[in-house]
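S.K.: Provided herewith: coords-v3.tsv, TSV, C-alpha atoms.
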```
chain	number	residue	atom	x	y	z
A	31	MET	CA	124.37	163.30	103.03
A	32	MET	CA	127.20	165.25	104.58
A	33	LYS	CA	127.04	168.16	106.93
A	34	ALA	CA	129.96	170.52	106.55
A	35	MET	CA	132.02	170.73	109.66
A	36	ARG	CA	135.16	172.34	111.04
A	37	ILE	CA	137.83	170.22	112.59
A	38	PHE	CA	141.21	171.50	113.65
A	39	LEU	CA	144.05	169.05	113.93
A	40	ALA	CA	147.08	170.28	115.82
A	41	ALA	CA	149.83	167.85	115.08
A	42	GLY	CA	152.23	168.18	117.98
A	43	THR	CA	155.86	168.71	117.24
A	44	ALA	CA	157.61	165.37	116.89
A	45	VAL	CA	161.33	165.19	117.39
A	46	GLY	CA	163.26	162.15	116.28
A	47	ILE	CA	166.83	161.78	117.56
A	48	VAL	CA	169.18	159.06	116.38
A	49	PHE	CA	172.50	158.51	118.16
A	50	ALA	CA	175.27	156.38	116.72
A	51	ALA	CA	178.36	155.32	118.61
A	52	PRO	CA	181.79	156.10	117.12
A	53	ALA	CA	183.24	153.44	114.88
A	54	PHE	CA	187.01	152.83	114.91
A	55	ALA	CA	188.87	151.56	111.88
A	56	ALA	CA	192.41	151.44	110.57
A	57	GLU	CA	191.74	154.52	108.48
A	58	GLU	CA	188.97	157.08	108.21
A	59	THR	CA	186.14	156.16	105.84
A	60	ALA	CA	183.19	158.08	104.51
A	61	PRO	CA	179.88	157.48	106.28
A	62	ASP	CA	178.20	156.25	103.11
A	63	THR	CA	179.78	153.82	100.69
A	64	ALA	CA	179.91	155.12	97.16
A	65	ALA	CA	177.14	153.59	95.08
A	66	ALA	CA	177.74	151.88	91.78
A	67	GLU	CA	176.42	153.70	88.75
A	68	GLY	CA	172.66	153.24	88.48
A	69	ASP	CA	172.23	152.02	92.08
A	70	ILE	CA	169.58	153.61	94.31
A	71	ILE	CA	170.70	154.16	97.90
A	72	VAL	CA	167.91	153.57	100.43
A	73	THR	CA	167.59	153.62	104.21
A	74	ALA	CA	164.89	150.95	104.53
A	75	GLN	CA	166.94	149.16	107.23
A	76	ARG	CA	167.93	152.33	109.08
A	77	ARG	CA	171.25	152.56	107.25
A	78	ALA	CA	172.32	153.71	103.80
A	79	GLU	CA	172.80	150.82	101.37
A	80	SER	CA	172.09	149.85	97.79
A	81	MET	CA	168.51	148.80	97.16
A	82	ASN	CA	169.86	145.65	95.51
A	83	ASP	CA	171.38	144.60	98.86
A	84	VAL	CA	168.15	144.96	100.85
A	85	GLY	CA	166.55	141.59	101.55
A	86	MET	CA	162.94	142.74	101.53
A	87	ALA	CA	160.18	143.74	99.13
A	88	ILE	CA	160.95	147.40	98.50
A	89	GLN	CA	160.23	149.92	95.81
A	90	ALA	CA	162.17	153.20	95.62
A	91	VAL	CA	161.47	156.17	93.38
A	92	ASP	CA	163.89	159.09	93.06
A	93	GLY	CA	162.90	162.74	93.27
A	94	GLN	CA	163.25	163.47	89.56
A	95	THR	CA	160.85	160.66	88.67
A	96	LEU	CA	158.36	161.89	91.27
A	97	GLU	CA	158.59	165.37	89.79
A	98	ASN	CA	158.10	164.12	86.23
A	99	LEU	CA	155.01	162.16	87.30
A	100	ARG	CA	153.69	165.16	89.27
A	101	VAL	CA	153.52	163.35	92.58
A	102	THR	CA	152.37	166.13	94.93
A	103	ASP	CA	149.92	164.17	97.09
A	104	MET	CA	149.76	160.80	98.85
A	105	ARG	CA	147.14	159.68	96.35
A	106	ASP	CA	149.57	160.32	93.49
A	107	LEU	CA	151.88	157.58	94.84
A	108	THR	CA	149.49	154.97	93.42
A	109	ALA	CA	150.96	155.84	90.00
A	110	VAL	CA	154.43	154.60	91.02
A	111	ALA	CA	153.44	151.91	93.56
A	112	PRO	CA	150.49	149.90	92.17
A	113	SER	CA	150.17	147.82	95.36
A	114	PHE	CA	149.46	151.01	97.33
A	115	THR	CA	145.96	152.52	97.27
A	116	VAL	CA	144.37	155.56	98.89
A	117	SER	CA	140.67	156.15	99.46
A	118	GLN	CA	138.83	158.78	101.47
A	119	SER	CA	135.96	158.44	103.91
A	120	TYR	CA	133.03	160.83	103.87
A	121	GLN	CA	134.61	162.55	106.88
A	122	GLY	CA	137.74	163.33	104.87
A	123	VAL	CA	140.00	160.79	106.63
A	124	PRO	CA	142.37	158.98	104.20
A	125	THR	CA	142.48	155.18	104.21
A	126	TYR	CA	145.71	153.49	103.08
A	127	THR	CA	146.08	149.91	101.91
A	128	LEU	CA	149.22	148.08	100.82
A	129	ARG	CA	148.89	144.70	99.16
A	130	GLY	CA	145.21	144.83	100.05
A	131	ILE	CA	145.82	145.26	103.80
A	132	GLY	CA	144.38	148.38	105.43
A	133	PHE	CA	142.09	149.74	108.12
A	134	ASN	CA	138.93	151.51	106.98
A	135	THR	CA	137.72	154.07	109.52
A	136	ILE	CA	136.31	157.59	109.70
A	137	ASN	CA	138.05	158.46	112.99
A	138	LEU	CA	140.74	161.14	112.93
A	139	SER	CA	142.54	159.49	115.86
A	140	SER	CA	142.80	156.02	114.29
A	141	THR	CA	146.17	154.78	113.11
A	142	SER	CA	146.76	152.99	109.82
A	143	THR	CA	148.24	149.57	109.12
A	144	VAL	CA	150.43	151.36	106.56
A	145	GLY	CA	152.97	153.49	108.43
A	146	THR	CA	154.20	156.81	107.05
A	147	TYR	CA	157.56	158.38	107.92
A	148	VAL	CA	159.22	161.65	106.89
A	149	ASP	CA	162.97	161.70	107.59
A	150	GLU	CA	162.45	158.98	110.24
A	151	VAL	CA	159.67	160.92	112.01
A	152	ALA	CA	156.49	158.85	112.25
A	153	TYR	CA	153.22	160.41	111.13
A	154	ALA	CA	150.95	158.35	113.34
A	155	TYR	CA	147.61	159.35	111.80
A	156	PRO	CA	146.73	159.40	108.08
A	157	ILE	CA	145.15	162.86	108.41
A	158	MET	CA	148.67	164.16	109.14
A	159	ASN	CA	149.63	163.38	105.52
A	160	THR	CA	147.09	165.69	103.89
A	161	GLY	CA	149.53	168.57	103.42
A	162	PRO	CA	151.47	169.14	100.18
A	163	VAL	CA	154.16	166.60	99.20
A	164	MET	CA	157.19	168.67	98.18
A	165	ASP	CA	160.94	168.73	97.55
A	166	LEU	CA	161.74	165.03	97.96
A	167	GLU	CA	164.99	163.16	97.40
A	168	ARG	CA	163.14	159.85	97.09
A	169	VAL	CA	160.24	157.76	98.37
A	170	GLU	CA	160.64	154.20	99.62
A	171	VAL	CA	157.68	151.79	99.72
A	172	LEU	CA	158.40	148.88	102.09
A	173	LYS	CA	155.97	146.00	101.67
A	174	GLY	CA	155.09	143.57	104.44
A	175	PRO	CA	155.34	143.89	108.26
A	176	GLN	CA	158.09	146.29	109.40
A	177	GLY	CA	157.63	146.06	113.16
A	178	THR	CA	161.23	145.06	113.92
A	179	LEU	CA	162.75	148.35	112.74
A	180	TYR	CA	159.79	150.73	112.70
A	181	GLY	CA	157.54	149.53	115.51
A	182	ARG	CA	153.82	148.92	115.58
A	183	ASN	CA	151.26	150.10	113.01
A	184	THR	CA	153.32	148.81	110.09
A	185	THR	CA	151.50	145.50	109.58
A	186	ALA	CA	151.00	146.08	105.86
A	187	GLY	CA	154.23	148.03	105.30
A	188	LEU	CA	155.22	151.68	105.24
A	189	ILE	CA	155.90	154.70	103.07
A	190	ASN	CA	159.23	156.39	103.81
A	191	PHE	CA	159.64	159.97	102.53
A	192	ILE	CA	163.22	161.25	102.32
A	193	THR	CA	163.36	165.01	101.86
A	194	ALA	CA	165.95	166.79	99.74
A	195	LYS	CA	168.96	167.97	101.75
A	196	PRO	CA	170.90	171.26	101.66
A	197	THR	CA	173.58	171.50	98.98
A	198	ASP	CA	177.18	172.74	99.04
A	199	SER	CA	176.58	175.04	96.07
A	200	PHE	CA	173.81	177.54	95.45
A	201	GLU	CA	170.77	176.30	93.54
A	202	GLY	CA	167.10	177.13	93.30
A	203	SER	CA	163.97	176.45	91.31
A	204	ILE	CA	160.39	177.62	91.00
A	205	LYS	CA	157.54	175.97	89.12
A	206	ALA	CA	153.91	176.81	88.51
A	207	ASP	CA	150.92	174.79	87.26
A	208	LEU	CA	147.61	175.87	85.78
A	209	GLY	CA	144.62	173.59	85.33
A	210	ASN	CA	140.87	173.30	85.10
A	211	TYR	CA	138.53	174.20	87.96
A	212	GLN	CA	140.56	177.41	88.36
A	213	THR	CA	143.60	175.49	89.61
A	214	TYR	CA	146.92	177.24	90.16
A	215	ASN	CA	149.87	175.72	92.01
A	216	ILE	CA	153.31	177.13	92.72
A	217	GLY	CA	156.33	175.61	94.42
A	218	GLY	CA	160.08	175.85	94.61
A	219	HIS	CA	163.20	175.73	96.71
A	220	VAL	CA	166.42	177.62	97.46
A	221	SER	CA	169.53	175.82	98.72
A	222	GLY	CA	173.16	176.68	99.33
A	223	PRO	CA	175.97	177.22	101.84
A	224	LEU	CA	175.68	179.74	104.68
A	225	GLY	CA	179.28	179.47	105.78
A	226	GLU	CA	182.07	177.00	106.41
A	227	GLY	CA	180.52	173.63	107.25
A	228	ILE	CA	176.88	174.77	107.22
A	229	ALA	CA	174.26	174.76	104.46
A	230	ALA	CA	170.54	175.50	104.39
A	231	ARG	CA	167.51	174.72	102.24
A	232	ILE	CA	164.02	176.22	102.13
A	233	ALA	CA	161.18	174.68	100.13
A	234	PHE	CA	157.52	175.57	99.75
A	235	ARG	CA	154.43	174.54	97.82
A	236	SER	CA	151.02	176.17	97.50
A	237	GLU	CA	148.03	174.38	95.91
A	238	ASN	CA	144.78	176.17	95.08
A	239	SER	CA	141.61	175.36	93.19
A	240	ASP	CA	138.88	177.99	93.44
A	241	LYS	CA	136.12	176.03	91.71
A	242	GLY	CA	134.82	172.80	93.24
A	243	TRP	CA	134.46	169.75	91.01
A	244	GLN	CA	131.51	168.18	92.86
A	245	VAL	CA	128.09	169.64	92.05
A	246	SER	CA	124.98	169.32	94.21
A	247	ASN	CA	122.10	167.41	92.65
A	248	THR	CA	119.51	169.80	94.11
A	249	ARG	CA	121.18	173.24	93.93
A	250	GLY	CA	124.14	174.98	92.32
A	251	GLU	CA	126.50	174.58	95.25
A	252	ARG	CA	129.92	173.01	94.67
A	253	LEU	CA	132.49	171.10	96.72
A	254	GLY	CA	136.12	170.32	96.00
A	255	GLN	CA	137.97	173.61	96.41
A	256	ILE	CA	141.64	173.14	97.36
A	257	ASP	CA	143.65	175.38	99.67
A	258	LYS	CA	146.99	173.91	100.77
A	259	LEU	CA	150.27	175.48	101.84
A	260	GLY	CA	153.47	173.82	103.03
A	261	ILE	CA	156.91	175.16	104.03
A	262	ARG	CA	160.07	173.27	105.04
A	263	GLY	CA	163.40	174.58	106.29
A	264	SER	CA	166.49	172.41	106.81
A	265	LEU	CA	170.10	172.77	107.92
A	266	ALA	CA	173.12	170.55	107.31
A	267	ILE	CA	176.02	171.10	109.72
A	268	ASP	CA	179.51	169.57	109.57
A	269	PRO	CA	181.25	170.75	112.77
A	270	ALA	CA	184.22	168.38	112.43
A	271	PRO	CA	185.53	165.71	110.06
A	272	GLY	CA	183.36	162.59	110.25
A	273	THR	CA	180.51	164.33	112.11
A	274	HIS	CA	177.32	165.54	110.44
A	275	PHE	CA	174.01	166.99	111.70
A	276	ASP	CA	170.73	167.22	109.79
A	277	LEU	CA	168.04	169.53	111.21
A	278	SER	CA	164.68	170.24	109.60
A	279	VAL	CA	161.25	171.63	110.42
A	280	THR	CA	158.06	171.36	108.35
A	281	TRP	CA	154.81	173.30	108.63
A	282	TRP	CA	151.69	172.81	106.55
A	283	ARG	CA	148.05	173.89	106.41
A	284	ASN	CA	145.11	172.31	104.58
A	285	LYS	CA	141.79	174.12	104.39
A	286	SER	CA	140.44	172.21	101.39
A	287	ASP	CA	136.84	171.07	101.06
A	288	THR	CA	135.81	167.66	102.31
A	289	VAL	CA	134.51	165.54	99.43
A	290	ALA	CA	130.87	164.49	99.80
A	291	GLY	CA	129.87	160.84	99.89
A	292	GLN	CA	127.48	159.39	97.30
A	293	GLY	CA	124.28	157.62	98.33
A	294	ILE	CA	123.76	154.44	96.29
A	295	GLY	CA	121.45	152.34	98.48
A	296	PHE	CA	120.62	150.94	101.90
A	297	THR	CA	122.08	148.24	104.11
A	298	PRO	CA	119.71	145.32	104.82
A	299	ALA	CA	118.86	146.62	108.29
A	300	THR	CA	118.06	150.16	107.10
A	301	ASN	CA	116.17	149.31	103.92
A	302	PRO	CA	112.77	151.02	104.24
A	303	THR	CA	111.03	148.26	102.28
A	304	THR	CA	112.65	145.01	103.35
A	305	GLY	CA	114.43	146.11	106.52
A	306	THR	CA	113.35	145.83	110.13
A	307	SER	CA	110.57	147.87	111.67
A	308	ASN	CA	113.21	150.17	113.17
A	309	SER	CA	114.61	151.20	109.77
A	310	ARG	CA	112.50	154.38	109.89
A	311	PHE	CA	114.78	155.67	112.65
A	312	PHE	CA	117.81	155.56	110.33
A	313	ASN	CA	116.32	157.31	107.30
A	314	ALA	CA	115.24	160.91	106.88
A	315	PRO	CA	111.82	161.45	105.29
A	316	GLY	CA	112.06	161.28	101.50
A	317	LEU	CA	115.53	159.69	101.47
A	318	ALA	CA	114.40	156.53	99.65
A	319	THR	CA	112.72	158.60	96.95
A	320	TYR	CA	115.77	160.84	96.58
A	321	LEU	CA	118.16	157.90	96.13
A	322	ALA	CA	115.83	156.28	93.60
A	323	ASN	CA	115.71	159.45	91.50
A	324	ASN	CA	119.37	160.52	91.90
A	325	PHE	CA	121.51	157.41	91.52
A	326	PRO	CA	125.04	158.72	90.75
A	327	THR	CA	126.53	157.94	87.36
A	328	LYS	CA	129.76	159.93	87.82
A	329	ALA	CA	131.96	161.11	90.69
A	330	SER	CA	130.90	164.75	90.46
A	331	GLN	CA	127.28	163.94	91.36
A	332	ALA	CA	126.53	164.16	95.08
A	333	ASP	CA	124.57	166.08	97.67
A	334	TRP	CA	125.12	167.40	101.15
A	335	HIS	CA	123.61	169.64	103.79
A	336	PRO	CA	123.78	173.34	102.91
A	337	ARG	CA	126.94	174.89	104.37
A	338	ARG	CA	125.33	177.94	105.93
A	339	GLY	CA	128.71	179.65	106.03
A	340	ASP	CA	130.56	176.75	107.67
A	341	ARG	CA	133.96	175.59	106.46
A	342	PRO	CA	134.79	171.92	105.91
A	343	ILE	CA	137.73	170.13	107.46
A	344	SER	CA	140.64	172.42	108.26
A	345	ALA	CA	143.87	170.70	109.28
A	346	ARG	CA	147.35	171.89	110.05
A	347	GLY	CA	150.49	170.31	111.42
A	348	SER	CA	154.22	170.56	111.91
A	349	ASP	CA	157.16	168.33	112.56
A	350	SER	CA	160.86	168.68	113.20
A	351	THR	CA	163.78	166.29	113.01
A	352	ALA	CA	167.26	166.23	114.44
A	353	ARG	CA	169.62	163.50	113.28
A	354	TRP	CA	173.16	162.60	114.32
A	355	PRO	CA	174.45	160.02	111.80
A	356	ARG	CA	177.44	157.82	112.47
A	357	THR	CA	180.67	159.50	113.59
A	358	THR	CA	183.81	157.89	112.17
A	359	ALA	CA	187.29	158.22	113.65
A	360	SER	CA	190.66	156.59	113.09
A	361	GLY	CA	192.62	154.65	115.67
A	362	ASP	CA	195.41	152.19	116.13
```
Show me the file's structure as structure tokens.

M.R.:
Amino acid sequence: MMKAMRIFLAAGTAVGIVFAAPAFAAEETAPDTAAAEGDIIVTAQRRAESMNDVGMAIQAVDGQTLENLRVTDMRDLTAVAPSFTVSQSYQGVPTYTLRGIGFNTINLSSTSTVGTYVDEVAYAYPIMNTGPVMDLERVEVLKGPQGTLYGRNTTAGLINFITAKPTDSFEGSIKADLGNYQTYNIGGHVSGPLGEGIAARIAFRSENSDKGWQVSNTRGERLGQIDKLGIRGSLAIDPAPGTHFDLSVTWWRNKSDTVAGQGIGFTPATNPTTGTSNSRFFNAPGLATYLANNFPTKASQADWHPRRGDRPISARGSDSTARWPRTTASGD
């Protein structure tokens, strides 16, 4: 059984700053080496390089592929990274596993063994990844411990989201989806120059489903409505040759329903027939009869405490990044 509850998560603003000392060479070079045709440039080792030159187990997927596969949620990444799985506790907290390694908990404040980063800003708690996934340049899945470069909480590996950057020429897009359960999604972006040496990009995504897909076994109530909104703004500034600044800020809100857990049986200690004499303290009257008569045969079958006007989990968060990549100058 699940009692609907309201939980607000205020994800404090996280600022990641990367400084790089000037590099001197015989002649000025571009900060990123041109990639051979077909190569995917990744930043798995905190620097831009071809994925073929990275000596670790890594999987990278570009933004166009993510868009074609409709990857708009962390759970959708399982379609492109089979070793990565996402499950959800009855409290609505996501649980990530990579290569079978994960940490199953219902606590909002618990960290995961699979780290998640957006433009080098760490999202310490899995609940911080429940906003819309939008406007990405690529996603990198790094498998195995990554503590040397990314710190603790990356025992199993990490997911590295690289957002799309502002462009030197004007471009924009808008897309909409319609689906069952009264689902309607809309998203898009606008990007282009604001002046000499400065460009901006704004992206957004809204996800809505007005009809829940889970149905109560004992009454007509439903769970599973979706209400998500995310907005990101970014700036790219080139104040001088060889110097580049990337600034971005992201805000999202998730007021979707928490999915109800399904009762399928009892643990040995709480079994009312074979358990200990204290098992009666763990079970509400009539629970054993209910489970015997309502064993779930599909995901939509569940039950929960009547809402009585309460809202389920409501989460919101924001992050910002400021990056100073390598400055290159010439010298004798």

S.K.: Could you give me, as JSON lines, every segment 185-243 of chain A residue with an atom at most 10 Å from segment 280-301 of chain A, plus its closest atom pair and distance in Å to one decimal, counting all atoms listed in the file, rows ordered by chain then number?

M.R.:
```
{"residue": "A:Ile232", "atom": "CA", "partner": "A:Thr280", "partner_atom": "CA", "distance": 9.9}
{"residue": "A:Ala233", "atom": "CA", "partner": "A:Thr280", "partner_atom": "CA", "distance": 9.4}
{"residue": "A:Phe234", "atom": "CA", "partner": "A:Trp282", "partner_atom": "CA", "distance": 9.4}
{"residue": "A:Arg235", "atom": "CA", "partner": "A:Trp282", "partner_atom": "CA", "distance": 9.3}
{"residue": "A:Ser236", "atom": "CA", "partner": "A:Arg283", "partner_atom": "CA", "distance": 9.7}
{"residue": "A:Glu237", "atom": "CA", "partner": "A:Asn284", "partner_atom": "CA", "distance": 9.4}
{"residue": "A:Asn238", "atom": "CA", "partner": "A:Ser286", "partner_atom": "CA", "distance": 8.6}
{"residue": "A:Ser239", "atom": "CA", "partner": "A:Ser286", "partner_atom": "CA", "distance": 8.9}
{"residue": "A:Asp240", "atom": "CA", "partner": "A:Ser286", "partner_atom": "CA", "distance": 10.0}
{"residue": "A:Gly242", "atom": "CA", "partner": "A:Asp287", "partner_atom": "CA", "distance": 8.3}
{"residue": "A:Trp243", "atom": "CA", "partner": "A:Val289", "partner_atom": "CA", "distance": 9.4}
```

S.K.: Which one of A:Tyr155, A:Phe325, A:Tyr180, A:Tyr126 sits closest to Ser139 of chain A if you count only C-alpha atoms?

M.R.: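 Ranking A:Tyr155, A:Phe325, A:Tyr180, A:Tyr126 by distance to Ser139 of chain A, first place goes to A:Tyr155.
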
S.K.: At a cut-off of 9 Å, using all atoms listed in the file, what residues contact segment 166-173 of chain A? Leave out same-chain residues fewer than 2 positions from it and give the result as JSON, numbers by chain.

M.R.: {"A": [72, 73, 74, 86, 87, 88, 89, 90, 91, 92, 93, 94, 95, 96, 97, 111, 113, 114, 128, 129, 163, 164, 175, 176, 186, 187, 188, 189, 190, 191, 192, 193, 194, 195]}

S.K.: Between atom CA of Ala314 of chain A and atom CA of Leu138 of chain A, measure the distance and give it in Å to one decimal.

M.R.: 26.2 Å

S.K.: What are the centre and edge lengths in Å, to one decimal, of the axis-aligned box around all listed atoms of segment 327-331 of chain A with 8 Å added on each side, as JSON?

M.R.:
```
{"center_x": 129.2, "center_y": 161.3, "center_z": 89.4, "size_x": 21.4, "size_y": 22.8, "size_z": 20.0}
```

S.K.: In Å, with one decimal, what is the gap from atom CA of Ala230 of chain A to atom CA of Ala266 of chain A?

M.R.: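 So the two atoms, atom CA of Ala230 of chain A and atom CA of Ala266 of chain A, lie 6.3 Å apart.
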
S.K.: Expressed in Å to a single decimal, how great is the separation between atom CA of Ser140 of chain A and atom CA of Gly260 of chain A?

M.R.: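 Interatomic distance, atom CA of Ser140 of chain A to atom CA of Gly260 of chain A: 23.6 Å.
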
S.K.: Within 9 Å of segment 203-206 of chain A, counting only C-alpha atoms, which residues qualify if same-chain residues fewer than 6 places away don't, as an MDAnalysis selection string?

M.R.: chainID A and resid 214:220
